[in-house]
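Peer 1: Dropping in protein.txt, with compact mmCIF, C-alpha atoms.
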# COMPACT_ATOMS: atom_id res chain seq x y z
CA MET X 4 -88.87 59.31 29.02
CA SER X 5 -89.12 57.11 25.97
CA ALA X 6 -86.33 55.04 24.55
CA ALA X 7 -87.27 56.38 21.16
CA ALA X 8 -86.67 59.96 22.25
CA ARG X 9 -83.09 59.11 23.11
CA GLY X 10 -82.19 58.32 19.54
CA ASN X 11 -80.40 55.27 18.21
CA ASP X 12 -78.70 53.67 21.22
CA GLU X 13 -77.68 50.72 19.05
CA THR X 14 -75.38 52.88 16.93
CA VAL X 15 -73.56 54.32 19.96
CA LEU X 16 -73.19 50.94 21.65
CA ALA X 17 -71.95 49.28 18.45
CA GLN X 18 -69.40 52.05 17.84
CA THR X 19 -68.20 51.86 21.44
CA LEU X 20 -67.70 48.11 21.13
CA ASP X 21 -65.88 48.49 17.83
CA TRP X 22 -63.46 51.05 19.28
CA LEU X 23 -62.82 48.90 22.35
CA ARG X 24 -62.05 45.91 20.12
CA GLN X 25 -59.50 48.08 18.33
CA GLY X 26 -57.73 48.56 21.65
CA ARG X 27 -58.83 52.18 22.06
CA ARG X 28 -59.93 53.74 25.32
CA VAL X 29 -63.52 54.98 25.25
CA ALA X 30 -65.68 57.03 27.61
CA LEU X 31 -69.38 56.10 27.50
CA LEU X 32 -71.58 59.08 28.40
CA THR X 33 -75.19 58.98 29.62
CA VAL X 34 -77.45 61.96 30.26
CA LEU X 35 -78.72 61.62 33.84
CA GLY X 36 -80.92 64.64 34.16
CA THR X 37 -81.70 68.08 32.86
CA TYR X 38 -83.23 71.18 34.36
CA GLY X 39 -85.23 73.19 31.88
CA ALA X 40 -85.51 72.51 28.17
CA SER X 41 -82.92 70.16 26.72
CA PRO X 42 -82.25 68.80 23.22
CA ARG X 43 -81.23 65.42 24.73
CA PRO X 44 -83.36 63.65 27.37
CA PRO X 45 -82.22 61.50 30.30
CA GLY X 46 -80.79 58.24 28.99
CA ALA X 47 -79.32 59.75 25.81
CA LEU X 48 -75.96 58.19 24.96
CA ALA X 49 -72.66 59.28 23.44
CA ALA X 50 -69.23 57.71 23.21
CA ILE X 51 -65.96 59.63 22.99
CA ARG X 52 -62.74 57.90 21.92
CA ASP X 53 -59.39 58.71 23.49
CA ASP X 54 -58.49 60.95 20.53
CA GLY X 55 -61.71 62.98 20.83
CA MET X 56 -63.73 61.27 18.10
CA ILE X 57 -67.40 61.19 19.12
CA CYS X 58 -70.48 59.11 18.32
CA GLY X 59 -73.87 60.28 19.54
CA SER X 60 -74.71 63.36 21.57
CA VAL X 61 -75.54 64.33 25.15
CA SER X 62 -76.40 68.01 24.68
CA GLY X 63 -76.89 68.67 20.99
CA GLY X 64 -73.42 70.24 20.89
CA CYS X 65 -73.41 72.52 23.93
CA VAL X 66 -70.90 70.62 26.09
CA GLU X 67 -69.44 68.03 23.71
CA ASP X 68 -66.37 70.11 22.80
CA ASP X 69 -65.40 70.44 26.45
CA LEU X 70 -65.85 66.72 27.08
CA ARG X 71 -63.95 65.79 23.91
CA ARG X 72 -61.03 67.98 24.91
CA GLU X 73 -60.98 66.63 28.47
CA ILE X 74 -61.14 63.01 27.31
CA ALA X 75 -58.55 63.48 24.56
CA GLU X 76 -56.14 64.93 27.12
CA GLY X 77 -56.43 61.64 29.01
CA GLY X 78 -57.44 63.01 32.38
CA VAL X 79 -60.60 60.95 32.78
CA PHE X 80 -58.73 57.71 32.10
CA GLY X 81 -55.95 58.22 34.60
CA ASP X 82 -57.64 59.11 37.89
CA GLY X 83 -58.68 55.56 38.81
CA ARG X 84 -62.43 56.17 38.64
CA THR X 85 -64.54 54.00 36.35
CA ALA X 86 -67.80 55.97 36.69
CA TRP X 87 -68.41 59.53 37.77
CA VAL X 88 -70.93 62.31 37.31
CA ARG X 89 -70.25 65.63 35.62
CA SER X 90 -72.55 68.65 35.97
CA PHE X 91 -72.85 71.55 33.52
CA GLY X 92 -74.69 74.83 33.91
CA ALA X 93 -74.65 75.04 37.70
CA SER X 94 -73.85 78.76 37.49
CA VAL X 95 -74.71 81.64 35.18
CA GLU X 96 -71.10 81.67 33.96
CA GLU X 97 -71.27 77.98 33.02
CA ARG X 98 -74.59 78.39 31.23
CA GLN X 99 -73.06 81.18 29.17
CA ARG X 100 -69.86 79.22 28.54
CA TYR X 101 -71.66 76.11 27.33
CA ARG X 102 -74.38 78.08 25.54
CA LEU X 103 -77.06 76.34 27.58
CA PRO X 104 -80.45 78.10 27.54
CA CYS X 105 -81.08 80.40 30.47
CA GLY X 106 -81.86 78.49 33.63
CA ASN X 107 -80.85 75.10 32.25
CA SER X 108 -78.37 72.56 33.59
CA LEU X 109 -77.19 69.11 32.61
CA ARG X 110 -75.81 66.09 34.48
CA VAL X 111 -73.85 63.40 32.65
CA ALA X 112 -72.48 60.04 33.82
CA VAL X 113 -69.05 59.18 32.43
CA GLU X 114 -67.95 55.53 32.30
CA THR X 115 -64.28 55.11 31.45
CA MET X 116 -64.07 51.31 31.41
CA PRO X 117 -67.17 49.86 29.70
CA ASP X 118 -67.01 46.07 29.52
CA PRO X 119 -66.77 44.83 25.88
CA ALA X 120 -68.29 41.44 26.73
CA GLN X 121 -71.26 43.14 28.37
CA LEU X 122 -71.80 45.50 25.44
CA GLU X 123 -71.63 42.54 23.07
CA ALA X 124 -74.34 40.71 25.04
CA LEU X 125 -76.45 43.86 25.17
CA LEU X 126 -76.18 44.44 21.42
CA ALA X 127 -77.01 40.81 20.70
CA ALA X 128 -80.23 41.12 22.73
CA VAL X 129 -81.22 44.36 21.03
CA ARG X 130 -80.63 42.88 17.57
CA GLN X 131 -82.72 39.89 18.52
CA ARG X 132 -85.47 42.41 19.35
CA ARG X 133 -85.32 41.77 23.10
CA CYS X 134 -85.09 44.37 25.87
CA LEU X 135 -82.52 44.40 28.65
CA TRP X 136 -81.88 46.86 31.46
CA ARG X 137 -78.35 48.05 32.22
CA ARG X 138 -77.67 49.12 35.80
CA VAL X 139 -74.60 51.24 36.69
CA ASP X 140 -73.58 51.76 40.34
CA TYR X 141 -71.82 55.00 41.21
CA GLN X 142 -69.78 53.67 44.14
CA ASP X 143 -67.64 51.17 42.25
CA GLY X 144 -68.63 51.85 38.63
CA ALA X 145 -69.88 48.28 38.20
CA ALA X 146 -72.47 47.66 35.48
CA TYR X 147 -74.99 44.83 35.29
CA LEU X 148 -77.41 43.52 32.66
CA LEU X 149 -80.87 42.65 33.99
CA ASN X 150 -83.95 41.10 32.41
CA GLU X 151 -86.25 43.33 34.43
CA GLY X 152 -86.06 46.90 35.62
CA PRO X 153 -88.03 50.02 36.54
CA ALA X 154 -91.32 50.81 34.83
CA ASP X 155 -89.74 53.80 33.08
CA ALA X 156 -87.07 53.40 30.40
CA PHE X 157 -84.65 55.42 32.55
CA ALA X 158 -84.45 55.79 36.34
CA GLU X 159 -81.83 57.20 38.73
CA ASP X 160 -81.42 57.04 42.50
CA GLU X 161 -78.64 58.02 44.89
CA THR X 162 -76.65 54.83 44.18
CA GLY X 163 -76.76 54.72 40.37
CA PHE X 164 -78.97 54.58 37.31
CA SER X 165 -80.86 51.96 35.28
CA MET X 166 -81.61 52.23 31.59
CA GLN X 167 -83.68 50.09 29.28
CA HIS X 168 -82.18 49.13 25.91
CA GLY X 169 -84.50 47.74 23.28
CA PRO X 170 -84.80 47.08 19.56
CA ARG X 171 -84.96 49.89 17.06
CA TRP X 172 -88.31 51.07 15.83
CA ARG X 173 -88.92 49.90 12.28
CA LEU X 174 -90.95 51.33 9.43
CA LEU X 175 -92.10 49.27 6.45
CA ILE X 176 -93.24 51.53 3.60
CA ILE X 177 -95.31 49.95 0.85
CA GLY X 178 -94.47 51.93 -2.27
CA GLY X 179 -91.24 53.49 -3.51
CA ALA X 180 -92.61 56.37 -5.58
CA GLU X 181 -92.10 60.03 -4.64
CA LEU X 182 -94.12 59.97 -1.42
CA GLY X 183 -92.44 56.77 -0.26
CA ARG X 184 -89.02 58.27 -0.86
CA TYR X 185 -89.80 61.44 1.10
CA LEU X 186 -91.24 59.42 3.98
CA ALA X 187 -88.23 57.09 4.03
CA GLN X 188 -85.84 60.04 4.24
CA ILE X 189 -87.73 61.65 7.11
CA ALA X 190 -88.09 58.35 8.99
CA LEU X 191 -84.33 57.84 8.89
CA THR X 192 -83.86 61.11 10.78
CA LEU X 193 -86.34 59.82 13.39
CA ASP X 194 -84.11 56.77 13.99
CA TYR X 195 -86.44 54.30 12.31
CA ALA X 196 -84.88 51.33 10.55
CA VAL X 197 -86.61 51.75 7.18
CA THR X 198 -87.55 49.13 4.59
CA VAL X 199 -89.38 49.96 1.36
CA CYS X 200 -91.47 47.32 -0.40
CA GLU X 201 -91.62 48.04 -4.11
CA PRO X 202 -92.43 45.11 -6.44
CA ARG X 203 -93.06 47.46 -9.39
CA GLU X 204 -89.90 47.53 -11.49
CA GLU X 205 -90.56 51.00 -12.89
CA TYR X 206 -90.39 52.50 -9.39
CA ALA X 207 -87.68 50.25 -7.97
CA ALA X 208 -85.27 50.94 -10.83
CA GLY X 209 -82.64 53.49 -9.93
CA TRP X 210 -83.44 53.44 -6.20
CA GLU X 211 -80.62 55.32 -4.50
CA LEU X 212 -81.41 56.09 -0.89
CA GLY X 213 -78.66 55.08 1.48
CA GLY X 214 -79.65 53.43 4.73
CA VAL X 215 -82.99 52.15 3.37
CA ALA X 216 -83.52 48.50 2.49
CA LEU X 217 -85.45 47.90 -0.74
CA SER X 218 -87.47 44.71 -1.27
CA ALA X 219 -89.20 43.51 -4.43
CA GLU X 220 -91.33 40.95 -2.55
CA MET X 221 -95.10 41.18 -2.71
CA PRO X 222 -96.43 43.22 0.22
CA ASP X 223 -98.32 40.41 1.98
CA ASP X 224 -95.32 38.09 1.84
CA LEU X 225 -92.98 40.77 3.14
CA VAL X 226 -95.28 41.81 6.00
CA LEU X 227 -95.53 38.19 7.15
CA ALA X 228 -91.76 37.69 6.89
CA PHE X 229 -90.98 41.00 8.62
CA GLY X 230 -91.69 39.79 12.14
CA CYS X 231 -93.93 42.77 12.91
CA ASP X 232 -94.14 43.66 16.60
CA GLU X 233 -95.11 46.67 18.73
CA ARG X 234 -92.04 48.56 17.51
CA THR X 235 -93.02 48.17 13.86
CA ALA X 236 -95.08 50.53 11.70
CA VAL X 237 -96.50 49.70 8.27
CA VAL X 238 -97.58 52.49 5.91
CA ALA X 239 -99.05 51.80 2.47
CA VAL X 240 -98.65 54.66 -0.01
CA THR X 241 -98.83 53.07 -3.49
CA HIS X 242 -102.45 54.25 -3.96
CA ASP X 243 -102.93 50.91 -5.75
CA PRO X 244 -105.41 48.72 -3.82
CA LYS X 245 -103.96 45.58 -5.39
CA LEU X 246 -100.74 46.29 -3.46
CA ASP X 247 -101.89 48.32 -0.47
CA ASP X 248 -104.64 45.88 0.50
CA LEU X 249 -102.20 42.95 0.44
CA ALA X 250 -100.09 44.67 3.08
CA LEU X 251 -103.01 45.89 5.17
CA MET X 252 -104.84 42.57 5.34
CA GLU X 253 -101.81 41.07 7.11
CA ALA X 254 -100.49 44.08 9.06
CA LEU X 255 -103.84 44.83 10.73
CA ARG X 256 -103.83 41.34 12.26
CA LEU X 257 -100.36 41.84 13.75
CA PRO X 258 -99.28 43.86 16.83
CA CYS X 259 -97.85 46.80 14.84
CA HIS X 260 -97.93 50.08 16.73
CA TYR X 261 -99.13 51.87 13.58
CA VAL X 262 -100.77 50.77 10.32
CA GLY X 263 -101.74 53.47 7.84
CA ALA X 264 -102.78 53.83 4.21
CA LEU X 265 -102.94 56.72 1.77
CA GLY X 266 -106.37 57.75 0.55
CA SER X 267 -109.32 60.03 1.19
CA ALA X 268 -112.03 59.39 3.76
CA THR X 269 -114.20 57.88 1.00
CA THR X 270 -111.34 55.67 -0.20
CA THR X 271 -110.70 54.55 3.36
CA MET X 272 -114.36 53.65 3.89
CA LYS X 273 -114.39 51.57 0.70
CA ARG X 274 -111.09 49.95 1.65
CA LYS X 275 -112.40 48.87 5.04
CA ALA X 276 -115.49 47.38 3.44
CA ARG X 277 -113.32 45.52 0.95
CA LEU X 278 -110.98 44.18 3.64
CA ALA X 279 -113.94 42.97 5.70
CA GLU X 280 -115.76 41.35 2.78
CA HIS X 281 -112.89 39.70 0.95
CA PHE X 282 -110.28 39.12 3.66
CA GLY X 283 -112.41 38.67 6.78
CA LEU X 284 -110.93 41.45 8.91
CA THR X 285 -112.92 42.18 12.05
CA PRO X 286 -114.26 45.61 13.07
CA ALA X 287 -111.63 45.79 15.84
CA GLU X 288 -108.84 45.10 13.35
CA LEU X 289 -110.20 47.66 10.89
CA ASP X 290 -110.44 50.29 13.65
CA ARG X 291 -106.64 50.11 13.95
CA LEU X 292 -106.19 51.51 10.43
CA HIS X 293 -104.94 55.09 10.24
CA GLY X 294 -106.75 56.39 7.21
CA PRO X 295 -106.61 58.90 5.75
CA VAL X 296 -103.02 58.46 6.88
CA GLY X 297 -101.17 61.29 8.63
CA LEU X 298 -102.18 64.25 10.75
CA ALA X 299 -104.66 66.72 9.29
CA ILE X 300 -102.32 69.66 8.70
CA GLY X 301 -103.59 70.68 5.27
CA SER X 302 -100.82 68.82 3.43
CA ARG X 303 -101.07 68.61 -0.36
CA THR X 304 -97.67 67.85 -1.91
CA PRO X 305 -95.88 64.50 -1.49
CA ALA X 306 -93.32 66.14 0.82
CA GLU X 307 -96.05 67.71 2.97
CA ILE X 308 -97.97 64.43 3.17
CA ALA X 309 -94.77 62.64 4.20
CA ILE X 310 -94.31 65.17 7.01
CA SER X 311 -97.91 64.64 8.18
CA ILE X 312 -97.38 60.86 8.24
CA ALA X 313 -94.10 61.22 10.13
CA ALA X 314 -95.80 63.46 12.69
CA ASP X 315 -98.52 60.86 13.21
CA LEU X 316 -95.87 58.16 13.64
CA ILE X 317 -94.23 60.26 16.36
CA ALA X 318 -97.58 60.70 18.11
CA SER X 319 -98.29 56.97 17.95
CA ARG X 320 -94.83 56.06 19.20
CA SER X 321 -95.12 58.50 22.09
CA ALA X 322 -98.52 57.07 23.03
CA CYS X 323 -96.98 53.59 23.15
CA HIS X 324 -94.41 54.84 25.64
CA ARG X 325 -96.98 56.61 27.80
CA GLU X 326 -98.89 53.33 28.05
CA GLY X 327 -95.66 51.45 28.73
CA ALA X 328 -94.73 53.81 31.57
CA HIS X 329 -97.29 52.03 33.75
CA GLY X 330 -95.68 48.65 33.20
CA GLU X 331 -93.34 46.70 30.99
CA GLU X 332 -93.81 47.23 27.28
CA ARG X 333 -95.19 44.17 25.53
CA SER X 334 -92.39 44.24 22.96
CA CYS X 335 -89.82 44.00 25.74
CA ARG X 336 -91.14 40.92 27.46
CA THR X 337 -88.82 37.96 27.52
The structure given in the file should be rewritten as structure tokens.

Peer 2:
Amino acid sequence: MSAAARGNDETVLAQTLDWLRQGRRVALLTVLGTYGASPRPPGALAAIRDDGMICGSVSGGCVEDDLRREIAEGGVFGDGRTAWVRSFGASVEERQRYRLPCGNSLRVAVETMPDPAQLEALLAAVRQRRCLWRRVDYQDGAAYLLNEGPADAFAEDETGFSMQHGPRWRLLIIGGAELGRYLAQIALTLDYAVTVCEPREEYAAGWELGGVALSAEMPDDLVLAFGCDERTAVVAVTHDPKLDDLALMEALRLPCHYVGALGSATTTMKRKARLAEHFGLTPAELDRLHGPVGLAIGSRTPAEIAISIAADLIASRSACHREGAHGEERSCRT
């Protein structure tokens, strides 16, 4: 199971910490396992405040109402347990009640006393683009932060569970015209932290897309300053080689998990020749370029092309996790 598939853990952890600092009681929920298809994989997080307010999701809505009501009534905070496991869908009646698909079930860990100091340390590591593992023991509810953990991002045994927390995946889009805007919007829904590089004033003017950082730096300068790592993707969509090539000549030398550029097969061939001749990129570096960018799904309009690029980003991100399942991900090494 990939950390990316879980969604934005950072948002849930930050909201939990904020509520705890306000003196509120908070239950931190973690999906432990599912049987059958599930909209939320093992390791997915949610937090529910003592008044029922929720951040995140553990089932895509199937069981949240029941948990919110139970937590708001105060029962989970008053029985003395700090960590326990709740199962849903064990019977046909429960699957019908919670609207779980036929044959499916869900197990969720509920922590009623998450440690604010520990969450603060965990968030600090994630924001510094480091990975940590959090281990929770069922017997006493104790939680620990560890620098190393299982090969998979999430693992459970009879005594507790361990989960890897790492930095958000980032997407740097070169170009803020129509295609760049569509791609930025889609990438936000995929839990990417999105930055758009647009030094052209005519396209940057009037930019109004919440949650997306806009930079007027030149592409090569921004790529170098971005701190690109294995959880970073760079996609050039200006269709202007004077801008796209500046980004690509730097990004292809860095450990980005994905580097792509808009253009036909002929344009891509000419671009590679240009990058080799004028900027000294090696054949191995040029082979990393996704071009024409996106999956071949017959896309024509800017919105369709943005979808094809987003689909290719998902495929690349999933491949990174499959490789990482056999050992620690390079981006998570300390």

Peer 1: Enumerate, in order of chain and increasing residue number, the residues of segment 93-212 of chain X with an atom no farther than 8 Å from segment 237-242 of chain X, each with its shortest atom pair and distance in Å to one decimal, counting all atoms listed in the file, as a tab-separated table.

Peer 2:
residue	atom	partner	partner_atom	distance
X:Leu174	CA	X:Val237	CA	5.9
X:Leu175	CA	X:Val237	CA	4.8
X:Ile176	CA	X:Val238	CA	5.0
X:Ile177	CA	X:Ala239	CA	4.5
X:Gly178	CA	X:Thr241	CA	4.7
X:Gly179	CA	X:Thr241	CA	7.6
X:Ala180	CA	X:Thr241	CA	7.3
X:Leu182	CA	X:Val240	CA	7.1
X:Gly183	CA	X:Val240	CA	6.6

Peer 1: For a test of reading the model, state the distance in Å between atom CA of Lys245 of chain X and atom CA of Gly266 of chain X, rounded to one decimal.

Peer 2: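 Atom-to-atom, atom CA of Lys245 of chain X to atom CA of Gly266 of chain X, that is 13.8 Å.
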
Peer 1: Neighbouring residues of Val111 of chain X were defined as those with any atom within 6 Å, considering only C-alpha atoms; residues of the same chain fewer than 6 positions away were excluded. Please report them as number ranges by chain.

Peer 2: X: 33-35, 88-89

Peer 1: If we draw a sphere of 9 Å around (-68.2, 64.3, 18.8), which residues have at least one atom in it when counting all atoms listed in the file? Please report them as a list in words.

Peer 2: Ala49, Ala50, Ile51, Arg52, Gly55, Met56, Ile57, Cys58, Gly59, Ser60, Gly64, Glu67, Asp68, Leu70 and Arg71 of chain X

Peer 1: May I have the protein, DNA and RNA residues with an atom at most 8 Å from (-107.6, 51.4, 9.7), counting all atoms listed in the file in the file's coordinates, returned as a PyMOL selection string?

Peer 2: chain X and resi 255+262-264+271+275+288-294

Peer 1: Using all atoms listed in the file, which of the listed residues (X:Tyr185, X:Leu126, X:Val199, X:Ser311) sits closest to Glu220 of chain X?

Peer 2: X:Val199

Peer 1: With all atoms listed in the file as the basis for distance, which of X:Asp53, X:Glu161, X:Asp155, X:Asp248 is at the shortest distance from Thr115 of chain X?

Peer 2: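 For Thr115 of chain X, the nearest of the candidates is X:Asp53.
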
Peer 1: What is the atom CA of Ala187 of chain X to atom CA of Ala309 of chain X distance in Å?

Peer 2: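 Interatomic distance, atom CA of Ala187 of chain X to atom CA of Ala309 of chain X: 8.6 Å.
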
Peer 1: Find, counting only C-alpha atoms, the residue in X:Ile312, X:Ala322, X:Leu20, X:Met221 that gets nearest to Pro117 of chain X.

Peer 2: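 Looking only at the distances to Pro117 of chain X, the closest residue turns out to be X:Leu20.
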
Peer 1: Atom CA of Tyr206 of chain X to atom CA of Pro244 of chain X: how many Å, to one decimal?

Peer 2: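 Interatomic distance here is 16.5 Å.
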
Peer 1: Which residue is closest to Val197 of chain X? Choose from X:Gly26, X:Leu227, X:Thr235, X:Thr304 and count all atoms listed in the file.

Peer 2: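 When distances to Val197 of chain X are compared using all atoms listed in the file, the smallest one comes from X:Thr235.
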
Peer 1: What's around Asp12 of chain X at 10 Å? Count only C-alpha atoms, leave out sequence neighbours fewer than 2 positions away in its own chain, and write the answer as an MDAnalysis selection string.

Peer 2: chainID X and resid 6:7 9:10 14:17 46:49 59 126 129 168:171 194

Peer 1: Calculated over all atoms listed in the file, which of the candidates X:Ala128, X:Cys134, X:Ala145, X:Val296 has the smallest distance to Trp87 of chain X?

Peer 2: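 Of X:Ala128, X:Cys134, X:Ala145, X:Val296, the one nearest Trp87 of chain X, counting all atoms listed in the file, is X:Ala145.
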
Peer 1: Given the choices X:Leu265, X:Arg274, X:Leu284, X:Ala75, which gets closest to Glu253 of chain X if the distance is worked out from all atoms listed in the file?

Peer 2: X:Leu284

Peer 1: Axis-aligned box over every listed atom of segment 195-203 of chain X, padded by 6 Å per side: centre and edges in Å to one decimal, as JSON?

Peer 2:
{"center_x": -89.0, "center_y": 49.7, "center_z": 1.5, "size_x": 20.2, "size_y": 21.2, "size_z": 33.7}

Peer 1: Please identify all polymer residues within 9 Å of Leu316 of chain X, counting all atoms listed in the file, omitting same-chain residues fewer than 6 positions from it, and present them as a VMD selection string.

Peer 2: chain X and resid 236 260 to 261 297

Peer 1: With C-alpha atoms retained, could you export that selection as an mmCIF file, in the frame of the given file?

Peer 2:
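So the final result, stored in out37.cif, reads:
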data_model
loop_
_atom_site.group_PDB
_atom_site.id
_atom_site.type_symbol
_atom_site.label_atom_id
_atom_site.label_comp_id
_atom_site.auth_asym_id
_atom_site.auth_seq_id
_atom_site.Cartn_x
_atom_site.Cartn_y
_atom_site.Cartn_z
ATOM 1 C CA ALA X 236 -95.080 50.530 11.700
ATOM 2 C CA HIS X 260 -97.930 50.080 16.730
ATOM 3 C CA TYR X 261 -99.130 51.870 13.580
ATOM 4 C CA GLY X 297 -101.170 61.290 8.630
#
